[in-house]
Each structure stands twice: as structure tokens, then as C-alpha cells.
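Data file: data31.pdb. Format and content: PDB, C-alpha atoms.
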ATOM      1  CA  MET A   1       9.193 -14.497  24.870
ATOM      2  CA  THR A   2       6.902 -11.607  23.985
ATOM      3  CA  THR A   3       7.812  -9.774  20.777
ATOM      4  CA  THR A   4       7.994  -5.988  20.981
ATOM      5  CA  VAL A   5       6.534  -4.253  17.933
ATOM      6  CA  ALA A   6       6.774  -0.557  17.092
ATOM      7  CA  VAL A   7       4.201   0.612  14.561
ATOM      8  CA  MET A   8       5.293   3.974  13.208
ATOM      9  CA  GLY A   9       2.217   5.740  11.936
ATOM     10  CA  ALA A  10      -1.280   5.948  13.444
ATOM     11  CA  GLY A  11      -3.337   6.405  10.309
ATOM     12  CA  SER A  12      -6.076   3.942   9.483
ATOM     13  CA  TRP A  13      -3.874   1.025   8.395
ATOM     14  CA  GLY A  14      -1.117   1.579  10.945
ATOM     15  CA  THR A  15      -3.692   1.648  13.740
ATOM     16  CA  ALA A  16      -5.514  -1.426  12.442
ATOM     17  CA  PHE A  17      -2.249  -3.339  11.977
ATOM     18  CA  GLY A  18      -1.094  -2.426  15.472
ATOM     19  CA  SER A  19      -4.349  -3.706  16.919
ATOM     20  CA  ILE A  20      -3.973  -6.954  14.959
ATOM     21  CA  CYS A  21      -0.462  -7.440  16.354
ATOM     22  CA  ALA A  22      -1.773  -6.790  19.856
ATOM     23  CA  ASP A  23      -4.399  -9.487  19.228
ATOM     24  CA  THR A  24      -1.561 -12.021  18.872
ATOM     25  CA  GLY A  25      -0.122 -11.059  22.270
ATOM     26  CA  ALA A  26       2.713  -8.869  20.986
ATOM     27  CA  ASP A  27       3.750  -5.820  23.011
ATOM     28  CA  VAL A  28       2.753  -3.064  20.577
ATOM     29  CA  ARG A  29       3.678   0.628  20.751
ATOM     30  CA  LEU A  30       1.906   2.758  18.156
ATOM     31  CA  TRP A  31       3.587   6.045  17.261
ATOM     32  CA  ALA A  32       1.216   8.897  16.408
ATOM     33  CA  ARG A  33       2.441  12.176  14.942
ATOM     34  CA  ARG A  34      -0.059  14.148  17.039
ATOM     35  CA  PRO A  35      -0.164  13.711  20.844
ATOM     36  CA  GLU A  36      -3.958  14.068  20.937
ATOM     37  CA  VAL A  37      -4.343  10.983  18.735
ATOM     38  CA  ALA A  38      -2.146   8.967  21.110
ATOM     39  CA  ASP A  39      -4.056  10.270  24.134
ATOM     40  CA  THR A  40      -7.395   9.276  22.621
ATOM     41  CA  ILE A  41      -6.195   5.749  21.864
ATOM     42  CA  ASN A  42      -4.720   5.342  25.354
ATOM     43  CA  ALA A  43      -8.000   6.505  26.880
ATOM     44  CA  GLY A  44      -9.700   3.501  25.270
ATOM     45  CA  LEU A  45     -11.595   5.635  22.745
ATOM     46  CA  GLY A  46     -10.011   4.140  19.626
ATOM     47  CA  ASN A  47      -8.866   6.312  16.732
ATOM     48  CA  PRO A  48     -12.089   8.089  15.721
ATOM     49  CA  GLU A  49     -10.464  10.336  13.136
ATOM     50  CA  TYR A  50      -9.337   7.397  11.007
ATOM     51  CA  LEU A  51     -11.373   4.425  12.276
ATOM     52  CA  PRO A  52     -14.585   5.861  13.725
ATOM     53  CA  ASP A  53     -16.777   3.626  15.891
ATOM     54  CA  ILE A  54     -14.256   0.777  16.002
ATOM     55  CA  GLY A  55     -12.780  -0.608  19.205
ATOM     56  CA  LEU A  56      -9.082  -1.457  19.302
ATOM     57  CA  ASN A  57      -7.260  -4.071  21.330
ATOM     58  CA  GLU A  58      -7.057  -2.669  24.851
ATOM     59  CA  ALA A  59      -3.389  -3.674  25.157
ATOM     60  CA  LEU A  60      -2.385  -1.356  22.284
ATOM     61  CA  ARG A  61      -0.412   1.588  23.663
ATOM     62  CA  ALA A  62       0.156   4.795  21.706
ATOM     63  CA  THR A  63       2.762   7.510  22.055
ATOM     64  CA  ALA A  64       3.821  10.667  20.236
ATOM     65  CA  ASP A  65       7.445  10.074  21.281
ATOM     66  CA  PRO A  66       9.330   8.068  18.628
ATOM     67  CA  ASP A  67      12.060   7.166  21.132
ATOM     68  CA  GLU A  68       9.470   5.576  23.421
ATOM     69  CA  ALA A  69       7.887   3.704  20.531
ATOM     70  CA  LEU A  70      11.159   2.345  19.135
ATOM     71  CA  SER A  71      12.967   1.521  22.387
ATOM     72  CA  GLY A  72      13.721  -2.202  22.494
ATOM     73  CA  ALA A  73      11.618  -2.976  19.406
ATOM     74  CA  ASP A  74      12.195  -6.366  17.808
ATOM     75  CA  ILE A  75      10.093  -5.468  14.783
ATOM     76  CA  VAL A  76       9.544  -1.956  13.413
ATOM     77  CA  VAL A  77       6.520  -1.479  11.163
ATOM     78  CA  LEU A  78       6.575   1.522   8.825
ATOM     79  CA  ALA A  79       3.061   2.859   8.209
ATOM     80  CA  VAL A  80       3.753   6.383   6.963
ATOM     81  CA  PRO A  81       2.749   7.808   3.557
ATOM     82  CA  SER A  82       5.308   7.192   0.809
ATOM     83  CA  HIS A  83       6.024  10.921   0.412
ATOM     84  CA  ALA A  84       7.089  11.106   4.090
ATOM     85  CA  LEU A  85       9.161   7.915   4.143
ATOM     86  CA  VAL A  86      12.668   9.263   3.503
ATOM     87  CA  GLU A  87      12.365  12.092   6.014
ATOM     88  CA  SER A  88      10.898   9.774   8.661
ATOM     89  CA  LEU A  89      13.623   7.167   8.236
ATOM     90  CA  ALA A  90      16.324   9.791   8.679
ATOM     91  CA  ALA A  91      14.665  11.176  11.803
ATOM     92  CA  TRP A  92      14.359   7.758  13.443
ATOM     93  CA  HIS A  93      17.621   6.153  12.332
ATOM     94  CA  ALA A  94      19.509   6.655  15.586
ATOM     95  CA  LEU A  95      16.580   5.297  17.628
ATOM     96  CA  VAL A  96      16.142   1.968  15.830
ATOM     97  CA  PRO A  97      17.629  -1.089  17.601
ATOM     98  CA  ARG A  98      20.446  -2.488  15.506
ATOM     99  CA  ASP A  99      18.980  -6.012  15.304
ATOM    100  CA  ALA A 100      15.405  -4.969  14.509
ATOM    101  CA  VAL A 101      13.427  -6.248  11.536
ATOM    102  CA  ALA A 102      11.752  -3.553   9.414
ATOM    103  CA  VAL A 103       8.316  -4.185   7.906
ATOM    104  CA  SER A 104       6.995  -1.836   5.236
ATOM    105  CA  LEU A 105       3.261  -1.227   4.917
ATOM    106  CA  VAL A 106       4.022   1.507   2.375
ATOM    107  CA  LYS A 107       2.161   0.749  -0.848
ATOM    108  CA  GLY A 108       4.012   3.183  -2.996
ATOM    109  CA  ILE A 109       7.354   4.526  -4.042
ATOM    110  CA  ALA A 110       9.594   6.876  -2.090
ATOM    111  CA  LEU A 111       9.019   9.950  -4.226
ATOM    112  CA  ASP A 112      12.301  11.560  -3.189
ATOM    113  CA  THR A 113      14.250   8.697  -4.763
ATOM    114  CA  GLY A 114      11.902   6.816  -7.120
ATOM    115  CA  ARG A 115      12.862   3.571  -5.353
ATOM    116  CA  TRP A 116      10.755   0.872  -3.730
ATOM    117  CA  ALA A 117      10.117   1.328  -0.029
ATOM    118  CA  SER A 118      11.988  -1.775   1.113
ATOM    119  CA  GLU A 119      15.143  -0.622  -0.678
ATOM    120  CA  VAL A 120      14.930   2.825   0.863
ATOM    121  CA  ILE A 121      14.363   1.409   4.368
ATOM    122  CA  ARG A 122      17.187  -1.108   4.040
ATOM    123  CA  ASP A 123      19.715   1.484   2.906
ATOM    124  CA  ALA A 124      18.589   4.277   5.253
ATOM    125  CA  TRP A 125      18.902   2.040   8.303
ATOM    126  CA  ASP A 126      21.889  -0.029   7.107
ATOM    127  CA  LEU A 127      19.940  -3.273   7.394
ATOM    128  CA  PRO A 128      20.934  -6.654   5.977
ATOM    129  CA  ASP A 129      18.736  -7.297   2.942
ATOM    130  CA  GLY A 130      16.797 -10.081   4.660
ATOM    131  CA  ARG A 131      15.665  -7.821   7.514
ATOM    132  CA  ALA A 132      13.661  -5.506   5.265
ATOM    133  CA  VAL A 133      10.314  -7.119   4.450
ATOM    134  CA  VAL A 134       6.981  -5.901   3.116
ATOM    135  CA  ALA A 135       3.380  -6.713   4.009
ATOM    136  CA  SER A 136       0.718  -6.174   1.376
ATOM    137  CA  GLY A 137      -2.665  -7.506   0.338
ATOM    138  CA  PRO A 138      -6.375  -6.689   0.139
ATOM    139  CA  ASN A 139      -6.292  -4.908   3.478
ATOM    140  CA  LEU A 140      -8.980  -2.253   3.716
ATOM    141  CA  ALA A 141      -8.110  -0.902   7.141
ATOM    142  CA  ARG A 142     -11.616  -0.557   8.507
ATOM    143  CA  GLU A 143     -12.544  -4.169   7.732
ATOM    144  CA  CYS A 144      -9.292  -5.457   9.235
ATOM    145  CA  ALA A 145      -9.883  -3.405  12.388
ATOM    146  CA  GLN A 146     -13.405  -4.855  12.580
ATOM    147  CA  ARG A 147     -11.846  -8.334  12.520
ATOM    148  CA  PHE A 148     -13.605  -9.342   9.312
ATOM    149  CA  PRO A 149     -11.855 -12.370   7.732
ATOM    150  CA  SER A 150      -8.931 -11.008   5.711
ATOM    151  CA  GLY A 151      -5.457 -11.976   4.528
ATOM    152  CA  THR A 152      -2.117 -10.483   3.582
ATOM    153  CA  VAL A 153       1.330 -11.463   2.319
ATOM    154  CA  VAL A 154       4.648 -10.935   4.108
ATOM    155  CA  ALA A 155       7.454 -10.960   1.558
ATOM    156  CA  GLY A 156      11.218 -10.971   1.839
ATOM    157  CA  PRO A 157      14.281 -13.009   0.859
ATOM    158  CA  ASP A 158      14.846 -14.542   4.328
ATOM    159  CA  GLU A 159      12.260 -17.221   5.088
ATOM    160  CA  ALA A 160      12.966 -17.215   8.833
ATOM    161  CA  VAL A 161      12.517 -13.440   9.093
ATOM    162  CA  CYS A 162       9.240 -13.610   7.177
ATOM    163  CA  ALA A 163       8.063 -16.340   9.554
ATOM    164  CA  ARG A 164       8.832 -14.080  12.536
ATOM    165  CA  VAL A 165       6.729 -11.293  11.073
ATOM    166  CA  GLN A 166       3.990 -13.750  10.140
ATOM    167  CA  ALA A 167       3.810 -14.902  13.760
ATOM    168  CA  ILE A 168       3.121 -11.412  15.180
ATOM    169  CA  CYS A 169       0.141 -10.673  12.923
ATOM    170  CA  HIS A 170      -1.506 -14.001  12.081
ATOM    171  CA  THR A 171      -4.830 -14.378  13.906
ATOM    172  CA  PRO A 172      -7.985 -16.499  13.504
ATOM    173  CA  TRP A 173      -9.465 -13.671  11.374
ATOM    174  CA  PHE A 174      -6.317 -12.351   9.675
ATOM    175  CA  ARG A 175      -4.430 -14.962   7.665
ATOM    176  CA  VAL A 176      -0.830 -14.172   6.794
ATOM    177  CA  TYR A 177       1.053 -15.930   4.015
ATOM    178  CA  THR A 178       4.771 -15.672   3.216
ATOM    179  CA  ASN A 179       6.337 -15.154  -0.190
ATOM    180  CA  PRO A 180      10.018 -14.725  -1.159
ATOM    181  CA  ASP A 181       9.070 -12.366  -4.021
ATOM    182  CA  ARG A 182       9.430  -8.988  -2.307
ATOM    183  CA  THR A 183       9.744  -7.193  -5.638
ATOM    184  CA  GLY A 184       6.504  -8.602  -7.008
ATOM    185  CA  VAL A 185       4.599  -7.837  -3.821
ATOM    186  CA  GLU A 186       5.792  -4.227  -3.804
ATOM    187  CA  VAL A 187       4.970  -3.757  -7.482
ATOM    188  CA  GLY A 188       1.452  -5.076  -6.875
ATOM    189  CA  GLY A 189       0.889  -2.802  -3.899
ATOM    190  CA  ALA A 190       1.931   0.309  -5.826
ATOM    191  CA  VAL A 191       0.432  -0.322  -9.266
ATOM    192  CA  LYS A 192      -3.028  -1.242  -7.966
ATOM    193  CA  ASN A 193      -3.464   2.338  -6.701
ATOM    194  CA  ALA A 194      -3.062   3.738 -10.206
ATOM    195  CA  ILE A 195      -5.465   1.181 -11.646
ATOM    196  CA  ALA A 196      -7.989   1.981  -8.902
ATOM    197  CA  LEU A 197      -7.917   5.615  -9.981
ATOM    198  CA  ALA A 198      -8.873   4.488 -13.486
ATOM    199  CA  ALA A 199     -11.592   2.176 -12.155
ATOM    200  CA  GLY A 200     -13.007   5.049 -10.130
ATOM    201  CA  MET A 201     -13.048   7.266 -13.202
ATOM    202  CA  ALA A 202     -15.066   4.616 -15.017
ATOM    203  CA  ASP A 203     -17.562   4.570 -12.141
ATOM    204  CA  GLY A 204     -17.751   8.349 -12.131
ATOM    205  CA  MET A 205     -18.470   8.425 -15.854
ATOM    206  CA  GLY A 206     -21.281   5.914 -15.405
ATOM    207  CA  TYR A 207     -19.718   2.944 -17.157
ATOM    208  CA  GLY A 208     -20.780  -0.584 -16.230
ATOM    209  CA  GLU A 209     -19.409  -3.824 -14.861
ATOM    210  CA  ASN A 210     -17.904  -4.936 -18.181
ATOM    211  CA  THR A 211     -15.759  -1.813 -18.194
ATOM    212  CA  LYS A 212     -14.657  -2.397 -14.604
ATOM    213  CA  ALA A 213     -13.782  -6.046 -15.321
ATOM    214  CA  MET A 214     -11.741  -5.047 -18.365
ATOM    215  CA  LEU A 215      -9.862  -2.374 -16.420
ATOM    216  CA  LEU A 216      -9.022  -4.785 -13.611
ATOM    217  CA  THR A 217      -7.733  -7.516 -15.905
ATOM    218  CA  ARG A 218      -5.814  -5.163 -18.187
ATOM    219  CA  GLY A 219      -4.484  -3.430 -15.102
ATOM    220  CA  LEU A 220      -3.323  -6.819 -13.865
ATOM    221  CA  ALA A 221      -1.541  -7.287 -17.188
ATOM    222  CA  GLU A 222       0.282  -3.968 -16.726
ATOM    223  CA  MET A 223       1.187  -4.884 -13.158
ATOM    224  CA  THR A 224       2.513  -8.256 -14.277
ATOM    225  CA  ARG A 225       4.545  -6.852 -17.168
ATOM    226  CA  LEU A 226       6.288  -4.370 -14.887
ATOM    227  CA  GLY A 227       6.813  -6.944 -12.156
ATOM    228  CA  LEU A 228       8.409  -9.442 -14.545
ATOM    229  CA  ALA A 229      10.679  -6.754 -15.977
ATOM    230  CA  LEU A 230      11.897  -5.940 -12.455
ATOM    231  CA  GLY A 231      12.531  -9.577 -11.535
ATOM    232  CA  GLY A 232       9.224 -10.481  -9.882
ATOM    233  CA  ARG A 233       7.453 -13.823 -10.217
ATOM    234  CA  ALA A 234       4.345 -14.212 -12.346
ATOM    235  CA  MET A 235       2.440 -16.196  -9.705
ATOM    236  CA  THR A 236       2.720 -13.343  -7.208
ATOM    237  CA  PHE A 237       0.344 -11.269  -9.308
ATOM    238  CA  ALA A 238      -2.302 -13.999  -9.163
ATOM    239  CA  GLY A 239      -2.167 -13.898  -5.363
ATOM    240  CA  LEU A 240      -3.313 -11.672  -2.517
ATOM    241  CA  ALA A 241      -0.751  -8.937  -3.170
ATOM    242  CA  GLY A 242      -1.627  -8.843  -6.868
ATOM    243  CA  MET A 243      -5.141  -9.664  -7.983
ATOM    244  CA  GLY A 244      -6.481  -9.726  -4.422
ATOM    245  CA  ASP A 245      -5.390  -6.192  -3.586
ATOM    246  CA  LEU A 246      -6.384  -4.979  -7.048
ATOM    247  CA  VAL A 247      -9.968  -6.235  -6.669
ATOM    248  CA  ALA A 248     -10.416  -4.705  -3.208
ATOM    249  CA  THR A 249      -8.949  -1.345  -4.134
ATOM    250  CA  CYS A 250     -10.767  -1.016  -7.456
ATOM    251  CA  THR A 251     -14.219  -2.026  -6.211
ATOM    252  CA  SER A 252     -14.585  -0.901  -2.587
ATOM    253  CA  SER A 253     -16.295   2.316  -1.539
ATOM    254  CA  GLN A 254     -13.635   2.470   1.214
ATOM    255  CA  SER A 255     -10.824   2.792  -1.334
ATOM    256  CA  ARG A 256      -9.318   6.279  -1.326
ATOM    257  CA  ASN A 257      -7.817   5.921  -4.793
ATOM    258  CA  ARG A 258     -11.067   4.676  -6.307
ATOM    259  CA  HIS A 259     -12.870   7.575  -4.612
ATOM    260  CA  VAL A 260     -10.517  10.152  -6.139
ATOM    261  CA  GLY A 261     -10.954   8.558  -9.562
ATOM    262  CA  GLU A 262     -14.729   8.524  -9.232
ATOM    263  CA  GLN A 263     -14.813  12.218  -8.390
ATOM    264  CA  LEU A 264     -12.530  12.988 -11.329
ATOM    265  CA  GLY A 265     -14.854  10.987 -13.566
ATOM    266  CA  ARG A 266     -17.696  13.236 -12.427
ATOM    267  CA  GLY A 267     -15.737  16.259 -13.583
ATOM    268  CA  ARG A 268     -14.519  17.610 -10.233
ATOM    269  CA  PRO A 269     -11.048  19.231  -9.944
ATOM    270  CA  LEU A 270      -8.306  17.117  -8.373
ATOM    271  CA  GLN A 271      -7.216  19.679  -5.778
ATOM    272  CA  VAL A 272     -10.768  20.145  -4.523
ATOM    273  CA  ILE A 273     -11.106  16.371  -4.078
ATOM    274  CA  ILE A 274      -7.825  16.084  -2.190
ATOM    275  CA  ASP A 275      -8.609  19.040   0.053
ATOM    276  CA  GLU A 276     -11.775  17.274   1.214
ATOM    277  CA  MET A 277      -9.903  14.132   2.330
ATOM    278  CA  ASN A 278      -8.174  13.514   5.667
ATOM    279  CA  MET A 279      -6.185  10.548   4.315
ATOM    280  CA  VAL A 280      -3.708  10.118   1.471
ATOM    281  CA  ALA A 281      -4.581   8.532  -1.886
ATOM    282  CA  GLU A 282      -1.124   7.146  -2.682
ATOM    283  CA  GLY A 283      -1.754   6.714  -6.397
ATOM    284  CA  VAL A 284      -2.069  10.444  -7.018
ATOM    285  CA  LYS A 285       1.599  11.021  -6.212
ATOM    286  CA  SER A 286       3.068   7.615  -7.042
ATOM    287  CA  SER A 287       1.551   7.127 -10.512
ATOM    288  CA  PRO A 288       4.092   9.367 -12.296
ATOM    289  CA  ALA A 289       6.965   7.507 -10.620
ATOM    290  CA  ILE A 290       5.502   4.147 -11.667
ATOM    291  CA  ALA A 291       5.104   5.361 -15.240
ATOM    292  CA  GLY A 292       8.714   6.559 -15.168
ATOM    293  CA  ILE A 293      10.004   3.177 -13.989
ATOM    294  CA  ALA A 294       7.985   1.490 -16.738
ATOM    295  CA  ARG A 295       9.496   3.744 -19.405
ATOM    296  CA  ASP A 296      12.986   3.090 -18.065
ATOM    297  CA  HIS A 297      12.392  -0.650 -18.557
ATOM    298  CA  ASP A 298      10.509  -0.394 -21.890
ATOM    299  CA  VAL A 299       7.300  -1.719 -20.308
ATOM    300  CA  GLU A 300       3.957  -0.703 -21.796
ATOM    301  CA  MET A 301       1.525   0.581 -19.140
ATOM    302  CA  PRO A 302      -1.105   2.552 -21.087
ATOM    303  CA  ILE A 303      -3.670   2.715 -18.260
ATOM    304  CA  VAL A 304      -1.119   4.092 -15.814
ATOM    305  CA  GLU A 305       0.225   6.534 -18.407
ATOM    306  CA  HIS A 306      -3.252   7.905 -19.112
ATOM    307  CA  VAL A 307      -4.060   8.144 -15.394
ATOM    308  CA  VAL A 308      -0.958  10.344 -15.035
ATOM    309  CA  ARG A 309      -2.173  12.536 -17.895
ATOM    310  CA  VAL A 310      -5.561  12.985 -16.215
ATOM    311  CA  LEU A 311      -4.014  13.749 -12.832
ATOM    312  CA  HIS A 312      -1.213  16.040 -13.885
ATOM    313  CA  ASP A 313      -1.710  17.140 -17.502
ATOM    314  CA  GLY A 314      -5.395  18.022 -17.541
ATOM    315  CA  LEU A 315      -6.601  15.175 -19.782
ATOM    316  CA  ASP A 316     -10.357  14.702 -19.563
ATOM    317  CA  PRO A 317     -11.333  11.196 -18.317
ATOM    318  CA  GLN A 318     -13.701  10.869 -21.283
ATOM    319  CA  ASP A 319     -10.778  11.456 -23.636
ATOM    320  CA  MET A 320      -8.743   8.919 -21.666
ATOM    321  CA  ALA A 321     -11.425   6.297 -22.339
ATOM    322  CA  VAL A 322     -11.463   7.114 -26.060
ATOM    323  CA  ALA A 323      -7.663   6.955 -26.283
ATOM    324  CA  LEU A 324      -7.383   3.618 -24.469
ATOM    325  CA  MET A 325     -10.140   2.000 -26.499
ATOM    326  CA  GLY A 326      -8.580   3.303 -29.726
ATOM    327  CA  ARG A 327      -5.198   1.647 -29.227
ATOM    328  CA  SER A 328      -4.082  -0.850 -31.881
ATOM    329  CA  PRO A 329      -5.229  -4.474 -31.317
ATOM    330  CA  LYS A 330      -2.735  -6.815 -29.637
ATOM    331  CA  SER A 331      -2.368 -10.323 -28.266
ATOM    332  CA  GLU A 332      -3.936 -10.588 -24.802
ATOM    333  CA  PHE A 333      -0.605 -11.588 -23.246
ATOM    334  CA  HIS A 334       1.528  -9.081 -25.132
ATOM    335  CA  GLY A 335       4.680  -8.414 -23.134
ATOM    336  CA  MET A 336       4.111 -11.337 -20.754
ATOM    337  CA  GLU A 337       5.598 -14.174 -22.797
ATOM    338  CA  GLU A 338       7.910 -15.084 -19.894
ATOM    339  CA  ALA A 339       4.889 -15.823 -17.727
ATOM    340  CA  ARG A 340       3.525 -18.415 -20.129
ATOM    341  CA  GLY A 341       6.618 -20.558 -20.519
TER
END

C-alpha cells encoding of this file:
Amino acid sequence: MTTTVAVMGAGSWGTAFGSICADTGADVRLWARRPEVADTINAGLGNPEYLPDIGLNEALRATADPDEALSGADIVVLAVPSHALVESLAAWHALVPRDAVAVSLVKGIALDTGRWASEVIRDAWDLPDGRAVVASGPNLARECAQRFPSGTVVAGPDEAVCARVQAICHTPWFRVYTNPDRTGVEVGGAVKNAIALAAGMADGMGYGENTKAMLLTRGLAEMTRLGLALGGRAMTFAGLAGMGDLVATCTSSQSRNRHVGEQLGRGRPLQVIIDEMNMVAEGVKSSPAIAGIARDHDVEMPIVEHVVRVLHDGLDPQDMAVALMGRSPKSEFHGMEEARG
């Protein structure tokens, strides 16, 4: 039986993910906020605003009508920015089939609530815990849409549900792994955006590869400390949704968060940078929420804390570098003793 998939959000990753699902033979309806985007996709012209010069699976159908997209959906994929999640869930609640599985592509925190996306989706739509899963990994949308070899992780507490989601997006060029550690996968997907902002700042200030390597590994330490404190598993952060996503986001020229950081490192104002972009850099808005969660759980995240100060308190990136390098010496695995047992 063909699986019906509703992908709610026609940005770069939502569009690419919908095309991947169509590649597996699923019946995919892609919801676009603007009718002209849906019309362009249905005319076989792709999504040039977000994925220029890339062809999509011809079976992918787009609509600006959420009722049409969600009608009869077996799996509902949420691909909206984190700041729009709560409002979108409320608007679509009555349209979602009662037995549908929800898949979050949201790599951030619902800013209205400070909670992880899967929790917000589960509660907003009254879903059993096992039917709210997340998909996350080193998934630069353009490369996935181009069918370059890539991989991701589908995470949730119900193994059978994760296997269902795995089946509708696993292709010869897009490998999908399952993991029961939904918490760890969500932490990785959110924290890497903040670390990518710092990595971009280092690039913008002209620092070298040693600096980038240190930021990535110390960022991984911060990610792991927070994940363990919230009940995640240490091995998750060594996988695709941890180190894998961190490497891609911190090093790629396609990374929106790294781009914002690089421009900040060159001395440009944040608002000017954001105004020039047609896509959202999640870390700009989610970093303060991540830092707040860390403080609530007595977790040290100095890189994230200093990124927040640059973004929202006017700290100069050069002063951020001085402050981080001037911190008191510590054991490399400070705060991660549980992971070494």
C-alpha cells in the first residue's frame, strides 16, 4: 500500500525531503505558504527561490491549501521554522488524521515555550509519545535535493514507528538510520546551529583550521554535556545527528548559521545580515533558549553563552575569542564523566 506523506513547509529542506520521499514511491503532498511557490513546483519548474537549478521528483505535488495537503496523510512532516511551530500546529490541528505519525525536521526549540519540537508537536496534536519522531543529520538541503550520497537519523521511542518513517525516505543515495534517543538527536540538531555561528565568526575573523577544529570538538563537548543532562545517550553525539551534523553545519558554505557568524566576524551588524537572507538561520533565535536550558540544568556551555552575547548583547567577536581562550584550564572531559563509565 502506498504511504501518503504531507510535508508542511516548502523551504529548502522541506522541498528536498518531499522530493526524497517521492523518490521512494510515497504519495507526497508538499504544503507551501505561498500559492505561487506551489504553482511553480506543479509546473515542473522546481523551487527556484530555495533550490535554484535543481529538478525535483515529478510525482511531487504542491498545494497552498493545508486541508488538501493533510487529507488522508499517514505521515505528517513538519518543516516550518521553530519560531512558527506553535502557531502552525494550532492552525492545522483539526485537519490532521487522528492516526497519523508526526515527523519533525525542526532543528531548534519552540521559542514560545522553550520546549523541544517533538514535545510541542506531541502535546499540540494529542499524539501518543511514540508517534512523534524527529529526523536530523548532516542534511544540507541542496546536496540532498541533488541526490548526493547523504544520511540522516530518525529517532523516537517506538521502533516500529521509526521503521515506518525510515521506509518512506530511505533511497540508494539517502541512507536513513534509526535511533531510540529522540532527546539526544534533538539536542544535537539545535546546539550545532549555535556552534556553527561561532565557527563562522572564526572564519570571518581570519582564524585558521586549528581554531575551527577546536571549536567543533569543544562544541561537541557542550552538546554532549547538555544531552546527557537531559537524558540523552553519549553515543548519539558521535553519530550523524551529533558530530555529523556539526561538521556539515560548521564547515559548509551552504550553512546559513555559519554564514551569519562569518559576517558577524567581519564586523557587519546582525540585522543587516538577516535582512539580506531569504531563509532562516535557526541559531540566531534558538541560542538564547539553549543557553537558558543549560543554566536550568547547571550545564556549562561557554561557546553558546558567548554566541548569545555577540548576537543579543553587542559583544565583539574578537572579545568573545579572548574571553573563551582566557577561561581557567580544565580536564578535557569535564562534565562528561557519565559518558566515560

I'd like a table as a Markdown table: residues in stretch 114-207 of chain A with an atom no more than 9 Å from stretch 20-44 of chain A, each row giving the shortest atom pair and its distance in Å to one decimal, only C-alpha atoms counted, sorted by chain and rising residue number.
| residue | atom | partner | partner_atom | distance |
| --- | --- | --- | --- | --- |
| A:Cys144 | CA | A:Ile20 | CA | 8.0 |
| A:Ala145 | CA | A:Ile20 | CA | 7.4 |
| A:Arg147 | CA | A:Ile20 | CA | 8.4 |
| A:Ala167 | CA | A:Thr24 | CA | 8.0 |
| A:Ile168 | CA | A:Cys21 | CA | 5.5 |
| A:Cys169 | CA | A:Cys21 | CA | 4.8 |
| A:His170 | CA | A:Thr24 | CA | 7.1 |
| A:Thr171 | CA | A:Thr24 | CA | 6.4 |
| A:Phe174 | CA | A:Ile20 | CA | 7.9 |

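Between atom CA of A:Asp316 and atom CA of A:Ala291 lies a distance of 18.6 Å.
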
Reference answer for the PyMOL selection byres ((chain A and resi 75-91) around 8), as a ChimeraX atom specification:
/A:3-11,13-14,70,73-74,92-94,100-112,117,120-121,124-125,165,280,282,285

Would you output that residue set with C-alpha atoms, as a tab-separated table (two decimals), in the frame of the given file?
chain	number	residue	atom	x	y	z
A	3	THR	CA	7.81	-9.77	20.78
A	4	THR	CA	7.99	-5.99	20.98
A	5	VAL	CA	6.53	-4.25	17.93
A	6	ALA	CA	6.77	-0.56	17.09
A	7	VAL	CA	4.20	0.61	14.56
A	8	MET	CA	5.29	3.97	13.21
A	9	GLY	CA	2.22	5.74	11.94
A	10	ALA	CA	-1.28	5.95	13.44
A	11	GLY	CA	-3.34	6.40	10.31
A	13	TRP	CA	-3.87	1.02	8.40
A	14	GLY	CA	-1.12	1.58	10.94
A	70	LEU	CA	11.16	2.35	19.14
A	73	ALA	CA	11.62	-2.98	19.41
A	74	ASP	CA	12.20	-6.37	17.81
A	92	TRP	CA	14.36	7.76	13.44
A	93	HIS	CA	17.62	6.15	12.33
A	94	ALA	CA	19.51	6.66	15.59
A	100	ALA	CA	15.40	-4.97	14.51
A	101	VAL	CA	13.43	-6.25	11.54
A	102	ALA	CA	11.75	-3.55	9.41
A	103	VAL	CA	8.32	-4.18	7.91
A	104	SER	CA	7.00	-1.84	5.24
A	105	LEU	CA	3.26	-1.23	4.92
A	106	VAL	CA	4.02	1.51	2.38
A	107	LYS	CA	2.16	0.75	-0.85
A	108	GLY	CA	4.01	3.18	-3.00
A	109	ILE	CA	7.35	4.53	-4.04
A	110	ALA	CA	9.59	6.88	-2.09
A	111	LEU	CA	9.02	9.95	-4.23
A	112	ASP	CA	12.30	11.56	-3.19
A	117	ALA	CA	10.12	1.33	-0.03
A	120	VAL	CA	14.93	2.82	0.86
A	121	ILE	CA	14.36	1.41	4.37
A	124	ALA	CA	18.59	4.28	5.25
A	125	TRP	CA	18.90	2.04	8.30
A	165	VAL	CA	6.73	-11.29	11.07
A	280	VAL	CA	-3.71	10.12	1.47
A	282	GLU	CA	-1.12	7.15	-2.68
A	285	LYS	CA	1.60	11.02	-6.21

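Taking atom CA of A:Arg266 as the reference point, atom CA of A:Pro317 is found at 8.9 Å.
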
Neighbours of stretch 195-208 of chain A within 6 Å (only C-alpha atoms; same-chain residues fewer than 3 positions away dropped), as a ChimeraX atom specification?
/A:192,211,219,249-250,257-258,261-262,265-266

Could you jot down the atom CA of A:Arg233 to atom CA of A:Asp181 separation for me, Å, one decimal place?
6.6 Å

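Between A:Leu95 and the residues A:Val322, A:Ala69, A:Val154, A:Val161, the shortest atom-to-atom distance, using all atoms listed in the file, involves A:Ala69.
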